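J.: Data file input-v8.pdb (PDB, C-alpha atoms and all ligand atoms) is appended below.
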```pdb
ATOM      1  CA  MET P 488     -17.305  59.567 -39.360  1.00  0.00           C
ATOM      2  CA  ARG P 489     -20.946  58.625 -38.669  1.00  0.00           C
ATOM      3  CA  VAL P 490     -22.081  55.241 -37.409  1.00  0.00           C
ATOM      4  CA  ASN P 491     -25.576  53.828 -37.935  1.00  0.00           C
ATOM      5  CA  PHE P 492     -25.733  52.819 -34.327  1.00  0.00           C
ATOM      6  CA  GLY P 493     -27.946  50.222 -32.647  1.00  0.00           C
ATOM      7  CA  GLY P 494     -26.886  50.326 -29.011  1.00  0.00           C
ATOM      8  CA  ILE P 495     -24.352  49.148 -26.436  1.00  0.00           C
ATOM      9  CA  VAL P 496     -24.208  46.498 -23.745  1.00  0.00           C
ATOM     10  CA  HIS P 497     -21.449  47.817 -21.533  1.00  0.00           C
ATOM     11  CA  VAL P 498     -20.571  44.548 -19.827  1.00  0.00           C
ATOM     12  CA  SER P 499     -21.315  41.092 -21.253  1.00  0.00           C
ATOM     13  CA  THR P 500     -19.962  37.712 -20.149  1.00  0.00           C
ATOM     14  CA  VAL P 501     -21.821  35.661 -22.758  1.00  0.00           C
ATOM     15  CA  ASP P 502     -20.661  37.008 -26.118  1.00  0.00           C
ATOM     16  CA  TRP P 503     -16.983  35.957 -25.844  1.00  0.00           C
ATOM     17  CA  TYR P 504     -16.435  32.832 -23.769  1.00  0.00           C
ATOM     18  CA  GLY P 505     -13.988  33.485 -20.921  1.00  0.00           C
ATOM     19  CA  LYS P 506     -13.896  37.252 -21.450  1.00  0.00           C
ATOM     20  CA  VAL P 507     -15.759  40.240 -20.147  1.00  0.00           C
ATOM     21  CA  ALA P 508     -16.681  42.275 -23.201  1.00  0.00           C
ATOM     22  CA  MET P 509     -18.451  45.433 -24.241  1.00  0.00           C
ATOM     23  CA  VAL P 510     -20.851  44.758 -27.138  1.00  0.00           C
ATOM     24  CA  ILE P 511     -21.580  47.442 -29.739  1.00  0.00           C
ATOM     25  CA  PHE P 512     -24.575  46.919 -32.020  1.00  0.00           C
ATOM     26  CA  PHE P 513     -24.766  48.242 -35.582  1.00  0.00           C
ATOM     27  CA  ARG P 514     -27.924  48.788 -37.607  1.00  0.00           C
ATOM     28  CA  GLY P 515     -28.664  47.049 -40.901  1.00  0.00           C
ATOM     29  CA  CYS P 516     -28.696  43.385 -41.968  1.00  0.00           C
ATOM     30  CA  PRO P 517     -29.429  41.626 -45.284  1.00  0.00           C
ATOM     31  CA  PHE P 518     -31.065  38.663 -43.502  1.00  0.00           C
ATOM     32  CA  ARG P 519     -34.535  38.389 -41.969  1.00  0.00           C
ATOM     33  CA  CYS P 520     -34.208  35.409 -39.645  1.00  0.00           C
ATOM     34  CA  PRO P 521     -37.662  34.671 -38.196  1.00  0.00           C
ATOM     35  CA  TYR P 522     -36.149  34.372 -34.713  1.00  0.00           C
ATOM     36  CA  CYS P 523     -34.130  37.597 -34.785  1.00  0.00           C
ATOM     37  CA  GLN P 524     -33.994  39.170 -31.312  1.00  0.00           C
ATOM     38  CA  ASN P 525     -32.615  42.425 -32.667  1.00  0.00           C
ATOM     39  CA  TYR P 526     -35.230  42.952 -35.359  1.00  0.00           C
ATOM     40  CA  ALA P 527     -35.553  46.605 -34.398  1.00  0.00           C
ATOM     41  CA  LEU P 528     -32.005  47.058 -35.768  1.00  0.00           C
ATOM     42  CA  LEU P 529     -32.545  45.472 -39.171  1.00  0.00           C
ATOM     43  CA  LYS P 530     -33.607  48.734 -40.806  1.00  0.00           C
ATOM     44  CA  GLY P 531     -33.740  52.399 -39.994  1.00  0.00           C
ATOM     45  CA  GLU P 532     -31.228  55.060 -39.104  1.00  0.00           C
ATOM     46  CA  ASN P 533     -29.724  56.324 -35.893  1.00  0.00           C
ATOM     47  CA  PHE P 534     -26.492  58.026 -36.858  1.00  0.00           C
ATOM     48  CA  VAL P 535     -24.041  59.044 -34.166  1.00  0.00           C
ATOM     49  CA  ASP P 536     -20.472  60.330 -34.379  1.00  0.00           C
ATOM     50  CA  ALA P 537     -17.755  57.699 -34.061  1.00  0.00           C
ATOM     51  CA  GLU P 538     -16.225  59.875 -31.315  1.00  0.00           C
ATOM     52  CA  THR P 539     -19.318  59.297 -29.181  1.00  0.00           C
ATOM     53  CA  ILE P 540     -18.829  55.527 -29.362  1.00  0.00           C
ATOM     54  CA  GLU P 541     -15.098  55.870 -28.784  1.00  0.00           C
ATOM     55  CA  ALA P 542     -15.850  57.765 -25.577  1.00  0.00           C
ATOM     56  CA  GLU P 543     -18.029  54.843 -24.441  1.00  0.00           C
ATOM     57  CA  ILE P 544     -15.247  52.351 -25.235  1.00  0.00           C
ATOM     58  CA  LYS P 545     -12.805  54.458 -23.239  1.00  0.00           C
ATOM     59  CA  LYS P 546     -15.155  54.484 -20.240  1.00  0.00           C
ATOM     60  CA  ALA P 547     -15.700  50.691 -20.457  1.00  0.00           C
ATOM     61  CA  LYS P 548     -11.972  49.946 -20.556  1.00  0.00           C
ATOM     62  CA  LYS P 549     -11.880  49.800 -16.733  1.00  0.00           C
ATOM     63  CA  PHE P 550     -14.352  46.908 -16.691  1.00  0.00           C
ATOM     64  CA  VAL P 551     -13.778  44.871 -19.866  1.00  0.00           C
ATOM     65  CA  SER P 552     -10.926  43.227 -21.752  1.00  0.00           C
ATOM     66  CA  ALA P 553     -12.618  43.078 -25.144  1.00  0.00           C
ATOM     67  CA  VAL P 554     -15.022  44.806 -27.520  1.00  0.00           C
ATOM     68  CA  VAL P 555     -17.414  42.778 -29.684  1.00  0.00           C
ATOM     69  CA  PHE P 556     -19.114  44.270 -32.748  1.00  0.00           C
ATOM     70  CA  SER P 557     -22.576  42.845 -33.320  1.00  0.00           C
ATOM     71  CA  GLY P 558     -25.888  43.843 -34.826  1.00  0.00           C
ATOM     72  CA  GLY P 559     -27.763  43.704 -37.104  1.00  0.00           C
ATOM     73  CA  GLU P 560     -24.834  42.780 -39.267  1.00  0.00           C
ATOM     74  CA  PRO P 561     -21.779  44.845 -38.316  1.00  0.00           C
ATOM     75  CA  LEU P 562     -19.944  44.216 -41.591  1.00  0.00           C
ATOM     76  CA  THR P 563     -22.454  46.426 -43.401  1.00  0.00           C
ATOM     77  CA  GLN P 564     -20.352  49.274 -41.910  1.00  0.00           C
ATOM     78  CA  LEU P 565     -16.796  48.176 -42.620  1.00  0.00           C
ATOM     79  CA  GLU P 566     -14.968  51.504 -42.379  1.00  0.00           C
ATOM     80  CA  GLN P 567     -16.719  52.290 -39.098  1.00  0.00           C
ATOM     81  CA  ILE P 568     -15.661  48.924 -37.672  1.00  0.00           C
ATOM     82  CA  LYS P 569     -12.077  49.470 -38.747  1.00  0.00           C
ATOM     83  CA  ARG P 570     -11.959  52.835 -37.055  1.00  0.00           C
ATOM     84  CA  LEU P 571     -13.577  51.652 -33.805  1.00  0.00           C
ATOM     85  CA  ALA P 572     -11.534  48.441 -33.760  1.00  0.00           C
ATOM     86  CA  ASN P 573      -8.295  50.359 -34.161  1.00  0.00           C
ATOM     87  CA  PHE P 574      -9.385  52.698 -31.375  1.00  0.00           C
ATOM     88  CA  ALA P 575     -10.171  49.772 -29.043  1.00  0.00           C
ATOM     89  CA  LYS P 576      -6.858  48.119 -29.856  1.00  0.00           C
ATOM     90  CA  SER P 577      -5.016  51.362 -29.126  1.00  0.00           C
ATOM     91  CA  LEU P 578      -6.430  51.044 -25.587  1.00  0.00           C
ATOM     92  CA  GLY P 579      -5.162  47.471 -25.293  1.00  0.00           C
ATOM     93  CA  LEU P 580      -8.563  45.812 -25.782  1.00  0.00           C
ATOM     94  CA  LEU P 581      -9.203  42.670 -27.812  1.00  0.00           C
ATOM     95  CA  VAL P 582     -11.679  42.962 -30.691  1.00  0.00           C
ATOM     96  CA  GLY P 583     -14.212  40.412 -31.935  1.00  0.00           C
ATOM     97  CA  VAL P 584     -16.872  40.465 -34.657  1.00  0.00           C
ATOM     98  CA  GLU P 585     -20.170  38.552 -34.672  1.00  0.00           C
ATOM     99  CA  THR P 586     -21.230  38.034 -38.274  1.00  0.00           C
ATOM    100  CA  ASN P 587     -23.793  36.182 -40.367  1.00  0.00           C
ATOM    101  CA  GLY P 588     -21.129  35.307 -42.946  1.00  0.00           C
ATOM    102  CA  TYR P 589     -22.639  37.308 -45.806  1.00  0.00           C
ATOM    103  CA  TYR P 590     -19.539  39.497 -46.253  1.00  0.00           C
ATOM    104  CA  PRO P 591     -16.430  37.334 -46.739  1.00  0.00           C
ATOM    105  CA  GLY P 592     -14.553  40.119 -48.540  1.00  0.00           C
ATOM    106  CA  GLN P 593     -14.951  42.422 -45.552  1.00  0.00           C
ATOM    107  CA  LEU P 594     -13.856  39.639 -43.182  1.00  0.00           C
ATOM    108  CA  LYS P 595     -10.728  39.146 -45.262  1.00  0.00           C
ATOM    109  CA  GLU P 596      -9.919  42.842 -45.084  1.00  0.00           C
ATOM    110  CA  LEU P 597     -10.272  42.868 -41.296  1.00  0.00           C
ATOM    111  CA  ILE P 598      -8.044  39.799 -40.993  1.00  0.00           C
ATOM    112  CA  ASP P 599      -5.437  41.091 -43.450  1.00  0.00           C
ATOM    113  CA  GLU P 600      -5.298  44.476 -41.723  1.00  0.00           C
ATOM    114  CA  ARG P 601      -5.009  42.805 -38.294  1.00  0.00           C
ATOM    115  CA  VAL P 602      -7.694  44.939 -36.691  1.00  0.00           C
ATOM    116  CA  ILE P 603      -9.634  42.063 -35.141  1.00  0.00           C
ATOM    117  CA  ASP P 604      -8.689  39.125 -32.916  1.00  0.00           C
ATOM    118  CA  LYS P 605     -11.708  36.843 -33.117  1.00  0.00           C
ATOM    119  CA  ILE P 606     -14.611  35.998 -35.426  1.00  0.00           C
ATOM    120  CA  PHE P 607     -17.907  34.526 -34.280  1.00  0.00           C
ATOM    121  CA  LEU P 608     -19.506  33.157 -37.452  1.00  0.00           C
ATOM    122  CA  ASP P 609     -23.118  32.039 -37.691  1.00  0.00           C
ATOM    123  CA  VAL P 610     -23.782  28.923 -39.740  1.00  0.00           C
ATOM    124  CA  LYS P 611     -27.516  29.030 -39.312  1.00  0.00           C
ATOM    125  CA  ALA P 612     -28.525  25.888 -41.183  1.00  0.00           C
ATOM    126  CA  PRO P 613     -27.133  23.178 -43.456  1.00  0.00           C
ATOM    127  CA  LEU P 614     -25.506  24.847 -46.433  1.00  0.00           C
ATOM    128  CA  SER P 615     -28.151  24.018 -48.992  1.00  0.00           C
ATOM    129  CA  PRO P 616     -29.935  27.022 -50.516  1.00  0.00           C
ATOM    130  CA  GLU P 617     -33.457  25.884 -49.659  1.00  0.00           C
ATOM    131  CA  LYS P 618     -32.763  25.309 -45.952  1.00  0.00           C
ATOM    132  CA  TYR P 619     -30.498  28.294 -45.523  1.00  0.00           C
ATOM    133  CA  GLU P 620     -32.873  30.739 -47.109  1.00  0.00           C
ATOM    134  CA  LYS P 621     -35.732  29.520 -44.938  1.00  0.00           C
ATOM    135  CA  VAL P 622     -33.759  30.021 -41.714  1.00  0.00           C
ATOM    136  CA  ALA P 623     -32.221  33.329 -42.842  1.00  0.00           C
ATOM    137  CA  GLY P 624     -35.533  34.620 -44.238  1.00  0.00           C
ATOM    138  CA  ILE P 625     -34.114  35.601 -47.620  1.00  0.00           C
ATOM    139  CA  SER P 626     -34.307  34.411 -51.207  1.00  0.00           C
ATOM    140  CA  ASP P 627     -31.380  36.026 -52.993  1.00  0.00           C
ATOM    141  CA  GLY P 628     -29.572  32.767 -53.827  1.00  0.00           C
ATOM    142  CA  ASP P 629     -26.149  34.018 -52.691  1.00  0.00           C
ATOM    143  CA  ALA P 630     -26.136  33.291 -48.976  1.00  0.00           C
ATOM    144  CA  VAL P 631     -24.830  29.714 -49.062  1.00  0.00           C
ATOM    145  CA  ALA P 632     -21.894  30.531 -51.336  1.00  0.00           C
ATOM    146  CA  LEU P 633     -21.022  33.582 -49.243  1.00  0.00           C
ATOM    147  CA  VAL P 634     -21.133  31.699 -45.928  1.00  0.00           C
ATOM    148  CA  ARG P 635     -18.912  28.991 -47.436  1.00  0.00           C
ATOM    149  CA  ARG P 636     -16.510  31.664 -48.604  1.00  0.00           C
ATOM    150  CA  SER P 637     -16.475  33.153 -45.086  1.00  0.00           C
ATOM    151  CA  LEU P 638     -15.571  29.749 -43.638  1.00  0.00           C
ATOM    152  CA  GLU P 639     -12.745  29.516 -46.147  1.00  0.00           C
ATOM    153  CA  VAL P 640     -11.475  33.039 -45.445  1.00  0.00           C
ATOM    154  CA  CYS P 641     -11.517  32.526 -41.650  1.00  0.00           C
ATOM    155  CA  LYS P 642     -10.441  28.896 -41.362  1.00  0.00           C
ATOM    156  CA  ASN P 643      -6.898  29.717 -40.233  1.00  0.00           C
ATOM    157  CA  PHE P 644      -7.983  32.606 -38.004  1.00  0.00           C
ATOM    158  CA  ASP P 645      -9.314  32.497 -34.435  1.00  0.00           C
ATOM    159  CA  MET P 646     -12.933  31.670 -35.242  1.00  0.00           C
ATOM    160  CA  GLU P 647     -15.855  29.934 -33.609  1.00  0.00           C
ATOM    161  CA  VAL P 648     -18.943  28.813 -35.492  1.00  0.00           C
ATOM    162  CA  ARG P 649     -22.385  29.117 -33.960  1.00  0.00           C
ATOM    163  CA  THR P 650     -25.795  27.655 -34.739  1.00  0.00           C
ATOM    164  CA  THR P 651     -28.832  28.850 -32.806  1.00  0.00           C
ATOM    165  CA  ILE P 652     -31.339  26.070 -32.224  1.00  0.00           C
ATOM    166  CA  PHE P 653     -35.056  26.749 -32.571  1.00  0.00           C
ATOM    167  CA  LYS P 654     -37.741  24.099 -32.467  1.00  0.00           C
ATOM    168  CA  GLY P 655     -39.898  24.268 -35.579  1.00  0.00           C
ATOM    169  CA  LEU P 656     -36.995  25.695 -37.626  1.00  0.00           C
ATOM    170  CA  ILE P 657     -33.554  24.243 -36.931  1.00  0.00           C
ATOM    171  CA  PHE P 658     -33.799  21.342 -34.496  1.00  0.00           C
ATOM    172  CA  ASP P 659     -33.217  18.198 -36.540  1.00  0.00           C
ATOM    173  CA  GLY P 660     -30.254  15.924 -35.770  1.00  0.00           C
ATOM    174  CA  ASP P 661     -29.600  15.430 -39.482  1.00  0.00           C
ATOM    175  CA  ASP P 662     -29.352  19.189 -39.964  1.00  0.00           C
ATOM    176  CA  ILE P 663     -26.789  19.487 -37.156  1.00  0.00           C
ATOM    177  CA  ARG P 664     -24.893  16.520 -38.608  1.00  0.00           C
ATOM    178  CA  ALA P 665     -24.766  18.235 -42.003  1.00  0.00           C
ATOM    179  CA  ILE P 666     -23.538  21.518 -40.500  1.00  0.00           C
ATOM    180  CA  ALA P 667     -20.891  19.873 -38.301  1.00  0.00           C
ATOM    181  CA  GLU P 668     -19.637  17.698 -41.127  1.00  0.00           C
ATOM    182  CA  GLU P 669     -19.271  20.674 -43.435  1.00  0.00           C
ATOM    183  CA  VAL P 670     -17.620  22.863 -40.755  1.00  0.00           C
ATOM    184  CA  SER P 671     -15.149  20.047 -40.026  1.00  0.00           C
ATOM    185  CA  SER P 672     -14.009  20.151 -43.653  1.00  0.00           C
ATOM    186  CA  TYR P 673     -12.499  23.597 -42.897  1.00  0.00           C
ATOM    187  CA  GLY P 674     -10.483  22.373 -39.899  1.00  0.00           C
ATOM    188  CA  GLU P 675     -10.837  21.809 -36.176  1.00  0.00           C
ATOM    189  CA  ILE P 676     -13.128  24.758 -35.465  1.00  0.00           C
ATOM    190  CA  PRO P 677     -14.929  25.291 -32.131  1.00  0.00           C
ATOM    191  CA  TYR P 678     -18.665  24.815 -32.644  1.00  0.00           C
ATOM    192  CA  ILE P 679     -21.352  26.237 -30.365  1.00  0.00           C
ATOM    193  CA  LEU P 680     -25.024  25.249 -30.255  1.00  0.00           C
ATOM    194  CA  GLN P 681     -26.968  28.115 -28.753  1.00  0.00           C
ATOM    195  CA  GLN P 682     -30.342  27.814 -27.071  1.00  0.00           C
ATOM    196  CA  GLY P 683     -32.725  29.882 -29.178  1.00  0.00           C
ATOM    197  CA  ARG P 684     -35.189  32.008 -27.210  1.00  0.00           C
ATOM    198  CA  PRO P 685     -38.285  32.358 -29.440  1.00  0.00           C
ATOM    199  CA  GLU P 686     -40.018  34.562 -26.884  1.00  0.00           C
ATOM    200  CA  GLN P 687     -37.462  37.281 -27.675  1.00  0.00           C
ATOM    201  CA  GLY P 688     -37.959  37.132 -31.457  1.00  0.00           C
ATOM    202  CA  TRP P 689     -40.658  38.469 -33.739  1.00  0.00           C
ATOM    203  CA  SER P 690     -42.036  35.182 -35.133  1.00  0.00           C
ATOM    204  CA  GLU P 691     -45.336  34.277 -33.477  1.00  0.00           C
ATOM    205  CA  GLU P 692     -45.141  30.835 -35.083  1.00  0.00           C
ATOM    206  CA  LEU P 693     -41.864  29.951 -33.337  1.00  0.00           C
ATOM    207  CA  LYS P 694     -43.104  31.176 -29.966  1.00  0.00           C
ATOM    208  CA  GLN P 695     -45.521  28.242 -29.704  1.00  0.00           C
ATOM    209  CA  TYR P 696     -42.602  25.785 -29.372  1.00  0.00           C
ATOM    210  CA  GLY P 697     -40.681  27.314 -26.476  1.00  0.00           C
ATOM    211  CA  PRO P 698     -36.879  27.083 -26.246  1.00  0.00           C
ATOM    212  CA  PRO P 699     -35.013  23.773 -26.631  1.00  0.00           C
ATOM    213  CA  SER P 700     -33.993  22.257 -23.301  1.00  0.00           C
ATOM    214  CA  ARG P 701     -30.408  21.761 -22.150  1.00  0.00           C
ATOM    215  CA  GLU P 702     -30.849  18.004 -22.589  1.00  0.00           C
ATOM    216  CA  GLU P 703     -32.085  18.436 -26.155  1.00  0.00           C
ATOM    217  CA  LEU P 704     -29.106  20.638 -26.959  1.00  0.00           C
ATOM    218  CA  LEU P 705     -26.752  18.071 -25.432  1.00  0.00           C
ATOM    219  CA  GLU P 706     -28.189  15.388 -27.703  1.00  0.00           C
ATOM    220  CA  LEU P 707     -27.615  17.592 -30.746  1.00  0.00           C
ATOM    221  CA  GLY P 708     -24.147  18.436 -29.431  1.00  0.00           C
ATOM    222  CA  LYS P 709     -23.278  14.735 -29.292  1.00  0.00           C
ATOM    223  CA  ILE P 710     -24.131  14.437 -32.978  1.00  0.00           C
ATOM    224  CA  ALA P 711     -21.863  17.406 -33.795  1.00  0.00           C
ATOM    225  CA  LYS P 712     -19.143  15.834 -31.669  1.00  0.00           C
ATOM    226  CA  GLU P 713     -18.894  12.946 -34.136  1.00  0.00           C
ATOM    227  CA  TYR P 714     -17.255  15.463 -36.490  1.00  0.00           C
ATOM    228  CA  LEU P 715     -15.675  18.162 -34.300  1.00  0.00           C
ATOM    229  CA  LYS P 716     -13.666  17.899 -31.074  1.00  0.00           C
ATOM    230  CA  ASN P 717     -14.596  21.204 -29.459  1.00  0.00           C
ATOM    231  CA  VAL P 718     -18.398  21.332 -29.236  1.00  0.00           C
ATOM    232  CA  ARG P 719     -20.208  23.411 -26.629  1.00  0.00           C
ATOM    233  CA  ILE P 720     -23.801  24.199 -25.807  1.00  0.00           C
ATOM    234  CA  ARG P 721     -24.949  27.554 -24.475  1.00  0.00           C
ATOM    235  CA  THR P 722     -28.097  27.801 -22.355  1.00  0.00           C
ATOM    236  CA  LYS P 723     -29.709  30.524 -20.318  1.00  0.00           C
ATOM    237  CA  GLU P 724     -29.657  28.266 -17.248  1.00  0.00           C
ATOM    238  CA  LEU P 725     -26.015  27.171 -17.201  1.00  0.00           C
ATOM    239  CA  GLY P 726     -24.138  29.284 -19.754  1.00  0.00           C
ATOM    240  CA  GLU P 727     -21.554  27.470 -21.815  1.00  0.00           C
ATOM    241  CA  GLU P 728     -20.748  23.759 -21.303  1.00  0.00           C
ATOM    242  CA  LEU P 729     -18.472  21.371 -23.143  1.00  0.00           C
ATOM    243  CA  VAL P 730     -20.233  18.433 -24.754  1.00  0.00           C
TER     244      VAL P 730
HETATM  245  S1  LIG P 801     -28.451  37.677 -39.226  1.00  0.00           S
HETATM  246 FE1  LIG P 801     -28.638  38.205 -37.053  1.00  0.00          FE
HETATM  247  S2  LIG P 801     -29.255  40.359 -37.043  1.00  0.00           S
HETATM  248 FE2  LIG P 801     -29.602  39.606 -39.128  1.00  0.00          FE
HETATM  249  S3  LIG P 801     -31.779  38.968 -39.136  1.00  0.00           S
HETATM  250 FE3  LIG P 801     -30.530  37.146 -38.632  1.00  0.00          FE
HETATM  251  S4  LIG P 801     -30.461  37.090 -36.375  1.00  0.00           S
HETATM  252 FE4  LIG P 801     -31.132  39.154 -36.988  1.00  0.00          FE
END
```
Please, can you express the file's structure as structure tokens?
Ligand code: SF4
T.:
Amino acid sequence: MRVNFGGIVHVSTVDWYGKVAMVIFFRGCPFRCPYCQNYALLKGENFVDAETIEAEIKKAKKFVSAVVFSGGEPLTQLEQIKRLANFAKSLGLLVGVETNGYYPGQLKELIDERVIDKIFLDVKAPLSPEKYEKVAGISDGDAVALVRRSLEVCKNFDMEVRTTIFKGLIFDGDDIRAIAEEVSSYGEIPYILQQGRPEQGWSEELKQYGPPSREELLELGKIAKEYLKNVRIRTKELGEELV
């Protein structure tokens, strides 16, 4: 089996809170978020054999307790994820998936087949088509319904929801209120506000604002906390903190 491969971070402590994980990046994504840090992976081909990646997972097993599939959007390569997830689990590793929520059917398959342990789901903006499509850089009209379906599919699974905060795009307290309120309607789900780093993305417009400060994230976190118990912020300076 061939994998359209984006790269590997062999040891990460920031992708899965409390765990040391290997992160495997897949190519391809239907979104075009203006802040995307991995824009080089959105298109193009770099096919490698699944065995090559399995060999890397085997080597990393000494140092990590989990494997996280990321991208791009990893669910564009469902069969490849299933194979690599099953391989990682056969070595006793936990498996997580970072997803933009565009593929609820694939998420359901992974949950039903018990090949993953954790889902990290982006809810990038309030779930209204106009706002979502601006932040996700698309105009296909399906994204909001698909993200809602992903929340529904994953609500009883081990999931955390993430929003990445960028001044000039998604920074308004009312937007965070709308997201948190909607997420809370699916249950008591951990919610993470991530510090966006515009200097690492491709949008020149966003770069003029600089990243939101820890204090600004805390203020937004307090708004989310009106709806959800487990709210955290994630900053470059201090990592993850409970609000
Ligand atoms: S969903 Fe993720 S990988 Fe895809 S464009 Fe947005 S930030 Fe980039």
J.: With the PyMOL selection byres (((chain P and resi 543) around 12) and not hetatm) as the selection, what would be picked from this file? Answer as a PyMOL selection string, please.
T.: chain P and resi 494-498+509-511+536-542+544-551+554+571+574-575
J.: Write out, as a PDB file, keeping the file's coordinate frame, the residues just selected, with C-alpha atoms.
T.:
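Dumped everything to selection-v9.pdb:
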```pdb
ATOM      1  CA  GLY P 494     -26.886  50.326 -29.011  1.00  0.00           C
ATOM      2  CA  ILE P 495     -24.352  49.148 -26.436  1.00  0.00           C
ATOM      3  CA  VAL P 496     -24.208  46.498 -23.745  1.00  0.00           C
ATOM      4  CA  HIS P 497     -21.449  47.817 -21.533  1.00  0.00           C
ATOM      5  CA  VAL P 498     -20.571  44.548 -19.827  1.00  0.00           C
ATOM      6  CA  MET P 509     -18.451  45.433 -24.241  1.00  0.00           C
ATOM      7  CA  VAL P 510     -20.851  44.758 -27.138  1.00  0.00           C
ATOM      8  CA  ILE P 511     -21.580  47.442 -29.739  1.00  0.00           C
ATOM      9  CA  ASP P 536     -20.472  60.330 -34.379  1.00  0.00           C
ATOM     10  CA  ALA P 537     -17.755  57.699 -34.061  1.00  0.00           C
ATOM     11  CA  GLU P 538     -16.225  59.875 -31.315  1.00  0.00           C
ATOM     12  CA  THR P 539     -19.318  59.297 -29.181  1.00  0.00           C
ATOM     13  CA  ILE P 540     -18.829  55.527 -29.362  1.00  0.00           C
ATOM     14  CA  GLU P 541     -15.098  55.870 -28.784  1.00  0.00           C
ATOM     15  CA  ALA P 542     -15.850  57.765 -25.577  1.00  0.00           C
ATOM     16  CA  ILE P 544     -15.247  52.351 -25.235  1.00  0.00           C
ATOM     17  CA  LYS P 545     -12.805  54.458 -23.239  1.00  0.00           C
ATOM     18  CA  LYS P 546     -15.155  54.484 -20.240  1.00  0.00           C
ATOM     19  CA  ALA P 547     -15.700  50.691 -20.457  1.00  0.00           C
ATOM     20  CA  LYS P 548     -11.972  49.946 -20.556  1.00  0.00           C
ATOM     21  CA  LYS P 549     -11.880  49.800 -16.733  1.00  0.00           C
ATOM     22  CA  PHE P 550     -14.352  46.908 -16.691  1.00  0.00           C
ATOM     23  CA  VAL P 551     -13.778  44.871 -19.866  1.00  0.00           C
ATOM     24  CA  VAL P 554     -15.022  44.806 -27.520  1.00  0.00           C
ATOM     25  CA  LEU P 571     -13.577  51.652 -33.805  1.00  0.00           C
ATOM     26  CA  PHE P 574      -9.385  52.698 -31.375  1.00  0.00           C
ATOM     27  CA  ALA P 575     -10.171  49.772 -29.043  1.00  0.00           C
TER      28      ALA P 575
END
```
J.: Separation of atom CA of P:Tyr714 and atom CA of P:Leu562, in Å?
T.: 29.3 Å
J.: Please determine, counting all atoms listed in the file, which residue among P:Thr722, P:Ser637, P:Gln695, P:Asn717 has the shortest atom-to-atom distance to P:Ile598.
T.: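 Between P:Thr722, P:Ser637, P:Gln695, P:Asn717, the residue approaching P:Ile598 most closely is P:Ser637.
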J.: For P:Arg635, please output as a list in words all residues within 10 Å (counting only C-alpha atoms; exclusion window: fewer than 2 positions along the same chain).
T.: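 Within the cut-off, the hits are Gly588, Tyr589, Pro591, Val610, Leu614, Ala630, Val631, Ala632, Leu633, Ser637, Leu638, Glu639, Val640, Glu669, Val670 and Tyr673 of chain P.
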J.: Kindly indicate which residue among P:Asn491, P:Gly660, P:Lys506, P:Cys641 lies nearest to P:Leu528, using all atoms listed in the file for the distances.
T.: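 That would be P:Asn491, the residue with the smallest distance to P:Leu528.
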J.: Padding of 8 Å on every side, edges along x, y and z, all listed atoms of ligand LIG 801 (chain P) included: what centre and edge lengths in Å, to one decimal, does that box have, as lines of an AutoDock Vina configuration file?
T.:
```
center_x = -30.1
center_y = 38.7
center_z = -37.8
size_x = 19.3
size_y = 19.3
size_z = 18.9
```
J.: Calculated over only C-alpha atoms and all ligand atoms, which of the candidates P:Gly592, P:Gly628, P:Pro685, P:Pro613 has the smallest distance to ligand LIG 801 (chain P)?
T.: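 Checking each of P:Gly592, P:Gly628, P:Pro685, P:Pro613 against ligand LIG 801 (chain P), counting only C-alpha atoms and all ligand atoms, the winner is P:Pro685.
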